[in-house]
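Student: What follows is entry_20.pdb, PDB, C-alpha atoms and all ligand atoms.
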```
ATOM      1  CA  MET A 799      -2.157  19.406 -12.668  1.00  0.00           C
ATOM      2  CA  SER A 800      -5.756  19.248 -11.473  1.00  0.00           C
ATOM      3  CA  SER A 801      -7.010  19.240  -7.888  1.00  0.00           C
ATOM      4  CA  TRP A 802      -8.637  15.836  -8.193  1.00  0.00           C
ATOM      5  CA  ILE A 803      -7.567  13.306  -5.582  1.00  0.00           C
ATOM      6  CA  ASP A 804      -8.159   9.568  -5.641  1.00  0.00           C
ATOM      7  CA  SER A 805      -8.908   8.762  -1.998  1.00  0.00           C
ATOM      8  CA  HIS A 806      -8.590   4.992  -2.429  1.00  0.00           C
ATOM      9  CA  CYS A 807      -6.590   2.854  -4.849  1.00  0.00           C
ATOM     10  CA  HIS A 808      -4.263  -0.138  -4.947  1.00  0.00           C
ATOM     11  CA  VAL A 809      -1.421   0.730  -7.315  1.00  0.00           C
ATOM     12  CA  GLN A 810       0.496  -2.332  -6.076  1.00  0.00           C
ATOM     13  CA  LEU A 811      -1.962  -4.363  -8.167  1.00  0.00           C
ATOM     14  CA  LEU A 812      -1.693  -2.355 -11.388  1.00  0.00           C
ATOM     15  CA  GLU A 813      -0.137  -3.957 -14.441  1.00  0.00           C
ATOM     16  CA  ASN A 814       1.052  -0.574 -15.675  1.00  0.00           C
ATOM     17  CA  ASN A 815       2.501   1.069 -12.598  1.00  0.00           C
ATOM     18  CA  ASP A 816       3.384   4.468 -14.117  1.00  0.00           C
ATOM     19  CA  ILE A 817       2.939   6.724 -11.085  1.00  0.00           C
ATOM     20  CA  GLU A 818       4.766   9.671 -12.692  1.00  0.00           C
ATOM     21  CA  ASN A 819       2.151   9.769 -15.415  1.00  0.00           C
ATOM     22  CA  THR A 820      -0.697   9.381 -12.920  1.00  0.00           C
ATOM     23  CA  LEU A 821       0.559  12.394 -10.971  1.00  0.00           C
ATOM     24  CA  LYS A 822       0.542  14.502 -14.131  1.00  0.00           C
ATOM     25  CA  HIS A 823      -3.233  14.088 -14.215  1.00  0.00           C
ATOM     26  CA  ILE A 824      -4.305  14.234 -10.569  1.00  0.00           C
ATOM     27  CA  GLN A 825      -2.969  15.967  -7.474  1.00  0.00           C
ATOM     28  CA  THR A 826      -2.376  12.850  -5.376  1.00  0.00           C
ATOM     29  CA  PHE A 827      -3.912   9.600  -4.164  1.00  0.00           C
ATOM     30  CA  MET A 828      -4.135   7.402  -1.133  1.00  0.00           C
ATOM     31  CA  ASN A 829      -2.786   3.952  -1.741  1.00  0.00           C
ATOM     32  CA  VAL A 830      -4.351   1.241   0.370  1.00  0.00           C
ATOM     33  CA  GLY A 831      -2.446  -1.845   1.454  1.00  0.00           C
ATOM     34  CA  LEU A 832      -4.644  -4.927   1.715  1.00  0.00           C
ATOM     35  CA  SER A 833      -2.338  -6.691   4.148  1.00  0.00           C
ATOM     36  CA  LEU A 834       0.455  -5.692   6.555  1.00  0.00           C
ATOM     37  CA  THR A 835       2.818  -7.570   4.224  1.00  0.00           C
ATOM     38  CA  GLU A 836       2.398  -4.714   1.726  1.00  0.00           C
ATOM     39  CA  TYR A 837       4.029  -2.205   4.084  1.00  0.00           C
ATOM     40  CA  GLY A 838       7.369  -2.394   2.232  1.00  0.00           C
ATOM     41  CA  PHE A 839       5.684  -1.378  -1.010  1.00  0.00           C
ATOM     42  CA  LEU A 840       3.897   1.505   0.673  1.00  0.00           C
ATOM     43  CA  LYS A 841       7.067   2.762   2.305  1.00  0.00           C
ATOM     44  CA  GLU A 842       8.925   2.778  -1.008  1.00  0.00           C
ATOM     45  CA  LEU A 843       5.991   4.470  -2.752  1.00  0.00           C
ATOM     46  CA  LYS A 844       5.815   7.239  -0.158  1.00  0.00           C
ATOM     47  CA  LYS A 845       9.566   7.750  -0.324  1.00  0.00           C
ATOM     48  CA  ASN A 846       9.371   8.378  -4.075  1.00  0.00           C
ATOM     49  CA  TYR A 847       6.068  10.214  -4.534  1.00  0.00           C
ATOM     50  CA  PRO A 848       3.921  12.799  -2.707  1.00  0.00           C
ATOM     51  CA  VAL A 849       1.120  10.323  -1.977  1.00  0.00           C
ATOM     52  CA  TYR A 850      -0.700   9.020   1.086  1.00  0.00           C
ATOM     53  CA  GLY A 851      -0.889   5.509   2.451  1.00  0.00           C
ATOM     54  CA  ALA A 852      -3.243   3.320   4.434  1.00  0.00           C
ATOM     55  CA  ILE A 853      -2.647  -0.185   5.655  1.00  0.00           C
ATOM     56  CA  GLY A 854      -4.634  -2.892   7.383  1.00  0.00           C
ATOM     57  CA  GLU A 855      -5.673  -6.489   7.118  1.00  0.00           C
ATOM     58  CA  HIS A 856      -8.570  -6.820   4.660  1.00  0.00           C
ATOM     59  CA  PRO A 857     -11.668  -8.538   6.128  1.00  0.00           C
ATOM     60  CA  LEU A 858     -11.453 -11.325   3.558  1.00  0.00           C
ATOM     61  CA  ASN A 859      -7.831 -12.200   4.422  1.00  0.00           C
ATOM     62  CA  ASP A 860      -7.228 -15.414   6.310  1.00  0.00           C
ATOM     63  CA  GLY A 861      -6.295 -15.202   9.959  1.00  0.00           C
ATOM     64  CA  MET A 862      -6.054 -12.512  12.554  1.00  0.00           C
ATOM     65  CA  VAL A 863      -4.283  -9.163  12.125  1.00  0.00           C
ATOM     66  CA  ASP A 864      -0.840  -9.161  13.773  1.00  0.00           C
ATOM     67  CA  GLU A 865      -1.197  -6.441  16.402  1.00  0.00           C
ATOM     68  CA  GLN A 866       2.456  -6.356  17.327  1.00  0.00           C
ATOM     69  CA  ARG A 867       3.615  -5.965  13.732  1.00  0.00           C
ATOM     70  CA  PHE A 868       0.903  -3.376  13.142  1.00  0.00           C
ATOM     71  CA  THR A 869       2.132  -1.373  16.130  1.00  0.00           C
ATOM     72  CA  GLU A 870       5.732  -1.473  14.846  1.00  0.00           C
ATOM     73  CA  ILE A 871       4.524  -0.166  11.490  1.00  0.00           C
ATOM     74  CA  LEU A 872       2.495   2.641  13.041  1.00  0.00           C
ATOM     75  CA  GLU A 873       5.416   3.645  15.279  1.00  0.00           C
ATOM     76  CA  GLU A 874       7.346   4.532  12.106  1.00  0.00           C
ATOM     77  CA  GLY A 875       4.811   7.313  11.535  1.00  0.00           C
ATOM     78  CA  LEU A 876       4.403   6.910   7.765  1.00  0.00           C
ATOM     79  CA  ILE A 877       0.840   5.654   7.734  1.00  0.00           C
ATOM     80  CA  ASP A 878      -2.007   8.116   7.133  1.00  0.00           C
ATOM     81  CA  ALA A 879      -5.044   5.876   7.677  1.00  0.00           C
ATOM     82  CA  ILE A 880      -5.923   2.402   8.927  1.00  0.00           C
ATOM     83  CA  GLY A 881      -7.574  -0.162   6.685  1.00  0.00           C
ATOM     84  CA  GLU A 882      -9.051  -1.700   4.755  1.00  0.00           C
ATOM     85  CA  THR A 883     -10.788  -3.311   7.665  1.00  0.00           C
ATOM     86  CA  GLY A 884     -14.433  -4.110   8.180  1.00  0.00           C
ATOM     87  CA  PHE A 885     -17.124  -6.615   7.451  1.00  0.00           C
ATOM     88  CA  ASP A 886     -18.020  -8.803   4.499  1.00  0.00           C
ATOM     89  CA  SER A 887     -20.613 -11.566   4.412  1.00  0.00           C
ATOM     90  CA  LYS A 888     -18.220 -13.713   2.386  1.00  0.00           C
ATOM     91  CA  GLY A 889     -15.859 -14.033   5.382  1.00  0.00           C
ATOM     92  CA  ASP A 890     -15.910 -15.146   9.013  1.00  0.00           C
ATOM     93  CA  ALA A 891     -17.884 -12.605  11.076  1.00  0.00           C
ATOM     94  CA  GLU A 892     -16.254 -13.498  14.405  1.00  0.00           C
ATOM     95  CA  LEU A 893     -12.775 -13.116  12.972  1.00  0.00           C
ATOM     96  CA  GLN A 894     -13.755  -9.824  11.329  1.00  0.00           C
ATOM     97  CA  LYS A 895     -15.081  -8.486  14.655  1.00  0.00           C
ATOM     98  CA  LYS A 896     -11.843  -9.358  16.443  1.00  0.00           C
ATOM     99  CA  SER A 897      -9.747  -7.926  13.657  1.00  0.00           C
ATOM    100  CA  PHE A 898     -11.806  -4.726  13.479  1.00  0.00           C
ATOM    101  CA  GLU A 899     -11.362  -4.293  17.230  1.00  0.00           C
ATOM    102  CA  VAL A 900      -7.563  -4.216  16.798  1.00  0.00           C
ATOM    103  CA  HIS A 901      -7.794  -1.771  13.886  1.00  0.00           C
ATOM    104  CA  ALA A 902     -10.176   0.466  15.857  1.00  0.00           C
ATOM    105  CA  LYS A 903      -8.008   0.420  18.961  1.00  0.00           C
ATOM    106  CA  LEU A 904      -4.896   1.379  16.988  1.00  0.00           C
ATOM    107  CA  ALA A 905      -6.751   4.046  15.022  1.00  0.00           C
ATOM    108  CA  LEU A 906      -7.793   5.683  18.292  1.00  0.00           C
ATOM    109  CA  LYS A 907      -4.343   5.316  19.814  1.00  0.00           C
ATOM    110  CA  TYR A 908      -2.546   6.839  16.817  1.00  0.00           C
ATOM    111  CA  ASN A 909      -5.354   9.260  15.992  1.00  0.00           C
ATOM    112  CA  LEU A 910      -5.845   7.960  12.441  1.00  0.00           C
ATOM    113  CA  PRO A 911      -9.013   7.528  10.380  1.00  0.00           C
ATOM    114  CA  ILE A 912     -10.394   4.120   9.411  1.00  0.00           C
ATOM    115  CA  VAL A 913     -10.856   2.955   5.811  1.00  0.00           C
ATOM    116  CA  LEU A 914     -13.920   0.770   6.102  1.00  0.00           C
ATOM    117  CA  HIS A 915     -14.902  -2.043   3.774  1.00  0.00           C
ATOM    118  CA  THR A 916     -18.482  -3.218   4.258  1.00  0.00           C
ATOM    119  CA  ARG A 917     -20.425  -5.553   1.992  1.00  0.00           C
ATOM    120  CA  GLU A 918     -23.691  -7.304   2.750  1.00  0.00           C
ATOM    121  CA  ALA A 919     -23.025  -6.961   6.461  1.00  0.00           C
ATOM    122  CA  GLU A 920     -24.835  -3.759   7.394  1.00  0.00           C
ATOM    123  CA  ALA A 921     -26.259  -4.727  10.796  1.00  0.00           C
ATOM    124  CA  LEU A 922     -22.898  -6.049  11.942  1.00  0.00           C
ATOM    125  CA  THR A 923     -21.118  -2.951  10.621  1.00  0.00           C
ATOM    126  CA  MET A 924     -23.409  -0.570  12.508  1.00  0.00           C
ATOM    127  CA  GLN A 925     -23.276  -2.633  15.694  1.00  0.00           C
ATOM    128  CA  GLU A 926     -19.474  -2.705  15.743  1.00  0.00           C
ATOM    129  CA  ILE A 927     -18.944   0.940  14.812  1.00  0.00           C
ATOM    130  CA  LEU A 928     -21.261   2.055  17.602  1.00  0.00           C
ATOM    131  CA  LYS A 929     -18.841   0.488  20.084  1.00  0.00           C
ATOM    132  CA  TYR A 930     -16.307   3.243  19.270  1.00  0.00           C
ATOM    133  CA  PRO A 931     -18.037   6.630  19.358  1.00  0.00           C
ATOM    134  CA  LYS A 932     -14.720   8.473  18.884  1.00  0.00           C
ATOM    135  CA  LEU A 933     -13.701   6.478  15.842  1.00  0.00           C
ATOM    136  CA  ARG A 934     -13.807   8.298  12.505  1.00  0.00           C
ATOM    137  CA  GLY A 935     -13.214   7.290   8.934  1.00  0.00           C
ATOM    138  CA  VAL A 936     -14.700   6.564   5.547  1.00  0.00           C
ATOM    139  CA  PHE A 937     -17.163   4.038   4.180  1.00  0.00           C
ATOM    140  CA  HIS A 938     -15.073   3.262   1.119  1.00  0.00           C
ATOM    141  CA  CYS A 939     -16.623   2.350  -2.252  1.00  0.00           C
ATOM    142  CA  PHE A 940     -20.092   2.851  -0.829  1.00  0.00           C
ATOM    143  CA  THR A 941     -22.719   0.479  -2.240  1.00  0.00           C
ATOM    144  CA  GLY A 942     -24.964   0.106   0.821  1.00  0.00           C
ATOM    145  CA  SER A 943     -28.543   1.017   1.639  1.00  0.00           C
ATOM    146  CA  VAL A 944     -30.008   4.443   2.390  1.00  0.00           C
ATOM    147  CA  GLU A 945     -30.191   3.332   6.009  1.00  0.00           C
ATOM    148  CA  LEU A 946     -26.461   2.621   6.097  1.00  0.00           C
ATOM    149  CA  ALA A 947     -25.698   5.944   4.430  1.00  0.00           C
ATOM    150  CA  LYS A 948     -27.777   7.754   7.049  1.00  0.00           C
ATOM    151  CA  PHE A 949     -25.958   5.870   9.798  1.00  0.00           C
ATOM    152  CA  ALA A 950     -22.586   6.953   8.388  1.00  0.00           C
ATOM    153  CA  ILE A 951     -23.749  10.563   8.115  1.00  0.00           C
ATOM    154  CA  GLU A 952     -25.190  10.680  11.640  1.00  0.00           C
ATOM    155  CA  ASN A 953     -21.905   9.414  13.007  1.00  0.00           C
ATOM    156  CA  GLY A 954     -19.865  11.908  10.988  1.00  0.00           C
ATOM    157  CA  TRP A 955     -18.161   9.344   8.772  1.00  0.00           C
ATOM    158  CA  PHE A 956     -17.227  10.167   5.197  1.00  0.00           C
ATOM    159  CA  ILE A 957     -18.869   8.323   2.306  1.00  0.00           C
ATOM    160  CA  SER A 958     -16.692   7.585  -0.693  1.00  0.00           C
ATOM    161  CA  PHE A 959     -18.096   6.945  -4.162  1.00  0.00           C
ATOM    162  CA  SER A 960     -16.258   4.895  -6.766  1.00  0.00           C
ATOM    163  CA  GLY A 961     -16.856   4.418 -10.493  1.00  0.00           C
ATOM    164  CA  ILE A 962     -19.891   2.301  -9.597  1.00  0.00           C
ATOM    165  CA  VAL A 963     -21.887   5.519  -9.174  1.00  0.00           C
ATOM    166  CA  THR A 964     -21.339   6.302 -12.874  1.00  0.00           C
ATOM    167  CA  PHE A 965     -22.945   3.059 -14.057  1.00  0.00           C
ATOM    168  CA  LYS A 966     -26.314   3.243 -15.802  1.00  0.00           C
ATOM    169  CA  ASN A 967     -27.884   0.756 -13.398  1.00  0.00           C
ATOM    170  CA  ALA A 968     -26.698   2.653 -10.304  1.00  0.00           C
ATOM    171  CA  LYS A 969     -29.788   4.851  -9.899  1.00  0.00           C
ATOM    172  CA  SER A 970     -30.317   4.056  -6.210  1.00  0.00           C
ATOM    173  CA  LEU A 971     -26.670   4.824  -5.435  1.00  0.00           C
ATOM    174  CA  GLN A 972     -26.995   8.110  -7.323  1.00  0.00           C
ATOM    175  CA  GLU A 973     -30.015   8.959  -5.143  1.00  0.00           C
ATOM    176  CA  ILE A 974     -27.936   8.230  -2.041  1.00  0.00           C
ATOM    177  CA  ALA A 975     -25.207  10.583  -3.282  1.00  0.00           C
ATOM    178  CA  LYS A 976     -27.807  13.361  -3.231  1.00  0.00           C
ATOM    179  CA  ILE A 977     -28.503  12.982   0.503  1.00  0.00           C
ATOM    180  CA  VAL A 978     -24.870  12.978   1.653  1.00  0.00           C
ATOM    181  CA  PRO A 979     -23.865  16.347   3.122  1.00  0.00           C
ATOM    182  CA  ARG A 980     -21.314  17.763   0.728  1.00  0.00           C
ATOM    183  CA  GLU A 981     -18.662  18.055   3.425  1.00  0.00           C
ATOM    184  CA  LEU A 982     -18.726  14.253   3.878  1.00  0.00           C
ATOM    185  CA  ILE A 983     -18.258  13.218   0.229  1.00  0.00           C
ATOM    186  CA  LEU A 984     -15.068  11.584  -1.001  1.00  0.00           C
ATOM    187  CA  ILE A 985     -14.303  10.070  -4.389  1.00  0.00           C
ATOM    188  CA  GLU A 986     -12.121   7.126  -5.318  1.00  0.00           C
ATOM    189  CA  THR A 987     -11.310   4.607  -8.029  1.00  0.00           C
ATOM    190  CA  ASP A 988     -10.552   1.465  -5.982  1.00  0.00           C
ATOM    191  CA  SER A 989      -8.248   0.799  -8.936  1.00  0.00           C
ATOM    192  CA  PRO A 990      -7.340  -1.592 -10.467  1.00  0.00           C
ATOM    193  CA  TYR A 991     -10.945  -2.683  -9.898  1.00  0.00           C
ATOM    194  CA  LEU A 992     -14.164  -1.026 -11.136  1.00  0.00           C
ATOM    195  CA  ALA A 993     -13.285   1.285 -14.026  1.00  0.00           C
ATOM    196  CA  PRO A 994     -15.863   4.098 -14.307  1.00  0.00           C
ATOM    197  CA  ALA A 995     -17.996   4.773 -17.388  1.00  0.00           C
ATOM    198  CA  PRO A 996     -16.912   5.288 -20.192  1.00  0.00           C
ATOM    199  CA  LEU A 997     -13.887   3.068 -19.442  1.00  0.00           C
ATOM    200  CA  ARG A 998     -15.699   0.002 -18.058  1.00  0.00           C
ATOM    201  CA  GLY A 999     -13.768  -3.219 -18.530  1.00  0.00           C
ATOM    202  CA  LYS A1000     -10.340  -1.528 -18.738  1.00  0.00           C
ATOM    203  CA  GLU A1001      -7.703  -1.656 -16.006  1.00  0.00           C
ATOM    204  CA  ASN A1002      -8.804   1.112 -13.690  1.00  0.00           C
ATOM    205  CA  ARG A1003      -6.191   3.743 -12.829  1.00  0.00           C
ATOM    206  CA  PRO A1004      -6.079   6.433 -10.101  1.00  0.00           C
ATOM    207  CA  GLU A1005      -6.290   9.247 -12.673  1.00  0.00           C
ATOM    208  CA  TYR A1006      -9.690   7.936 -13.800  1.00  0.00           C
ATOM    209  CA  VAL A1007     -11.070   9.403 -10.567  1.00  0.00           C
ATOM    210  CA  VAL A1008     -11.647  12.480 -12.740  1.00  0.00           C
ATOM    211  CA  HIS A1009     -14.546  10.598 -14.396  1.00  0.00           C
ATOM    212  CA  VAL A1010     -16.112   9.844 -11.015  1.00  0.00           C
ATOM    213  CA  GLY A1011     -15.631  13.458  -9.950  1.00  0.00           C
ATOM    214  CA  GLU A1012     -17.033  14.992 -13.120  1.00  0.00           C
ATOM    215  CA  PHE A1013     -20.032  12.648 -13.058  1.00  0.00           C
ATOM    216  CA  LEU A1014     -20.916  13.617  -9.465  1.00  0.00           C
ATOM    217  CA  GLN A1015     -20.234  17.280 -10.124  1.00  0.00           C
ATOM    218  CA  THR A1016     -22.971  17.204 -12.781  1.00  0.00           C
ATOM    219  CA  LEU A1017     -25.323  14.939 -10.826  1.00  0.00           C
ATOM    220  CA  LEU A1018     -25.117  17.076  -7.670  1.00  0.00           C
ATOM    221  CA  SER A1019     -24.749  20.449  -9.437  1.00  0.00           C
ATOM    222  CA  ILE A1020     -21.804  21.383  -7.262  1.00  0.00           C
ATOM    223  CA  GLU A1021     -19.371  23.883  -8.724  1.00  0.00           C
ATOM    224  CA  ASP A1022     -15.662  23.237  -8.075  1.00  0.00           C
ATOM    225  CA  PHE A1023     -16.363  19.690  -6.934  1.00  0.00           C
ATOM    226  CA  ASP A1024     -12.606  19.002  -7.266  1.00  0.00           C
ATOM    227  CA  LYS A1025     -11.851  21.673  -4.657  1.00  0.00           C
ATOM    228  CA  LEU A1026     -14.618  20.407  -2.379  1.00  0.00           C
ATOM    229  CA  THR A1027     -13.418  16.797  -2.448  1.00  0.00           C
ATOM    230  CA  GLU A1028      -9.828  17.972  -2.034  1.00  0.00           C
ATOM    231  CA  GLN A1029     -10.743  19.806   1.174  1.00  0.00           C
ATOM    232  CA  ASN A1030     -12.761  16.825   2.354  1.00  0.00           C
ATOM    233  CA  PHE A1031      -9.826  14.499   1.733  1.00  0.00           C
ATOM    234  CA  TYR A1032      -7.442  16.530   3.874  1.00  0.00           C
ATOM    235  CA  ARG A1033     -10.067  16.906   6.599  1.00  0.00           C
ATOM    236  CA  PHE A1034     -10.585  13.137   6.483  1.00  0.00           C
ATOM    237  CA  LEU A1035      -6.856  12.700   7.107  1.00  0.00           C
ATOM    238  CA  GLY A1036      -6.871  15.347   9.837  1.00  0.00           C
ATOM    239  CA  LYS A1037      -4.326  17.429   7.904  1.00  0.00           C
TER     240      LYS A1037
HETATM  241 ZN    ZN B1101     -10.005  -1.185  -2.067  1.00  0.00          ZN
END
```
Output the file's structure in the form of structure tokens.
Tutor:
Amino acid sequence: MSSWIDSHCHVQLLENNDIENTLKHIQTFMNVGLSLTEYGFLKELKKNYPVYGAIGEHPLNDGMVDEQRFTEILEEGLIDAIGETGFDSKGDAELQKKSFEVHAKLALKYNLPIVLHTREAEALTMQEILKYPKLRGVFHCFTGSVELAKFAIENGWFISFSGIVTFKNAKSLQEIAKIVPRELILIETDSPYLAPAPLRGKENRPEYVVHVGEFLQTLLSIEDFDKLTEQNFYRFLGK
């Protein structure tokens, strides 16, 4: 078994859900629920495998996050991080702000990190995060600007790179990877979406995080990048 860890995937959406095989190739992963309704799946998954779990109400879901249900879930103590939550220009900004507020409040109350989704909504993202100076977390599947990366770094948030960074046309993202302090780098697949090169177009799987890791290891000339991102992952979780 290698030390590689996929810090963000959605195995509930995989066609081939062979977790046993996945865990022969990587140490572990964090599965991310896209809605509170996926809590049952997460609970079962964590009962059967040594994996981590996040849950939240994705910013492109309809309606407001159910704070009472969320609290019940968090009281059970099985959740390791809160999200995906955040901001996306395709959705309703007012609703996303209200929903993020609930996620942020609960993250602070239960001392859990946030898994942040942000797409084409950088000003809003920065404005809302600044309201919670004690909040911590990760900008997942980072595809933002240099300015947004610097904002994340200044506020001590992790930046997670997906298979997108391996794409030939991802030069600007590769340049951003070079300015992130190494102690703030995480890697992920966001599977089943976004298979990394050389597997583009296939169903993405958590074990393919190795391709993201090996690509960045070469790009950044960091030895033992698996060990580094492993340590970062556990620090992200506060474990
Ligand atoms: Zn995701």
Student: Could you list, as a list of chain:residue names, all protein and nucleic acid residues with an atom at most 8 Å from ligand ZN 1101 (chain B), counting only C-alpha atoms and all ligand atoms?
Tutor: A:His806, A:Cys807, A:His808, A:Val830, A:Leu832, A:Glu882, A:His915, A:His938, A:Cys939, A:Asp988, A:Ser989
Student: Mind pulling up the distance from CA of Ala891 (chain A) to CA of Asn909 (chain A)?
Tutor: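 Between CA of Asn909 (chain A) and CA of Ala891 (chain A) the gap is 25.7 Å.
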Student: What gap, in Å, lies between CA of Glu918 (chain A) and CA of Phe827 (chain A)?
Tutor: 26.9 Å
Student: Take the PyMOL selection byres (((chain A and resi 942) around 12) and not hetatm), apply it to the structure above, and return the hits as JSON, numbers by chain.
Tutor: {"A": [886, 915, 916, 917, 918, 919, 920, 921, 923, 924, 937, 938, 939, 940, 941, 943, 944, 945, 946, 947, 948, 949, 950, 957, 958, 959, 962, 963, 968, 970, 971, 972, 973, 974, 975]}
Student: Pick out the residues sitting within 12 Å of Asn846 (chain A), and hand them over as a count of residues only; count all atoms listed in the file, and ignore anything fewer than 5 positions along from it in its own chain.
Tutor: 6
Student: Could you tell me which of A:Glu926, A:Asp1024, A:Glu842, A:Glu1005 comes closest to Gly961 (chain A) if we count all atoms listed in the file?
Tutor: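 Selected residue with least distance to Gly961 (chain A): A:Glu1005.
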Student: For Val913 (chain A), please output as a count of residues only all residues within 12 Å (counting all atoms listed in the file; exclusion window: fewer than 2 positions along the same chain).
Tutor: 48
Student: Return the padded bounding box of region 949-965 of chain A as AutoDock Vina command-line options: axis-aligned, built from all atoms listed in the file, 6 Å added on each side, with centre and edge lengths in Å to one decimal.
Tutor:
```
--center_x -21.1 --center_y 7.1 --center_z -0.5 --size_x 21.7 --size_y 21.6 --size_z 39.1
```
Student: I'd like the residues picked by the PyMOL selection byres (((chain A and resi 1006-1018) around 6) and not hetatm) written out as an NGL selection string, using the chain letters and numbers from the file.
Tutor: :A and (804 or 961 or 986-987 or 1003-1005 or 1019-1020 or 1023)
Student: Provide the CA of Leu914 (chain A) to CA of Ile871 (chain A) distance in Å, to one decimal place.
Tutor: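 Between CA of Leu914 (chain A) and CA of Ile871 (chain A) the gap works out to 19.2 Å.
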Student: Determine the nearest neighbour of Leu928 (chain A) from the options A:Tyr908, A:Glu899, A:Gly838, A:Glu1001, counting all atoms listed in the file.
Tutor: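 Checking each candidate against Leu928 (chain A), we get A:Glu899 as the closest.
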Student: For Gly954 (chain A), which of A:Tyr991, A:Gln810, A:Lys969, A:Arg1033 is the closest residue, counting only C-alpha atoms?
Tutor: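 Closest to Gly954 (chain A) of all the choices is A:Arg1033.
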Student: Step by step: start from the point (-5.8, -15.3, 6.8) in the file's coordinates, keep every protein, DNA or RNA residue that has an atom no farther than 12 Å from it, count all atoms listed in the file, and write the set as a PyMOL selection string.
Tutor: chain A and resi 832-835+855-864+889-890+893-894+897
Student: So, counting only C-alpha atoms, which residue among A:Leu876, A:Ile803, A:Ile824, A:Ile951 is closest to Ile977 (chain A)?
Tutor: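 Smallest distance to Ile977 (chain A) is found for A:Ile951.
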Student: When distances are computed from all atoms listed in the file, which of A:Lys932, A:Lys907, A:Arg980, A:Lys845 shows the smallest separation from Leu872 (chain A)?
Tutor: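 Using all atoms listed in the file, Leu872 (chain A) sits closest to A:Lys907.
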Student: Between A:Ser800, A:Lys903, A:Lys1000, A:Val978, single out the one closest to Thr869 (chain A), counting only C-alpha atoms.
Tutor: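 Smallest separation from Thr869 (chain A) among the options: A:Lys903.
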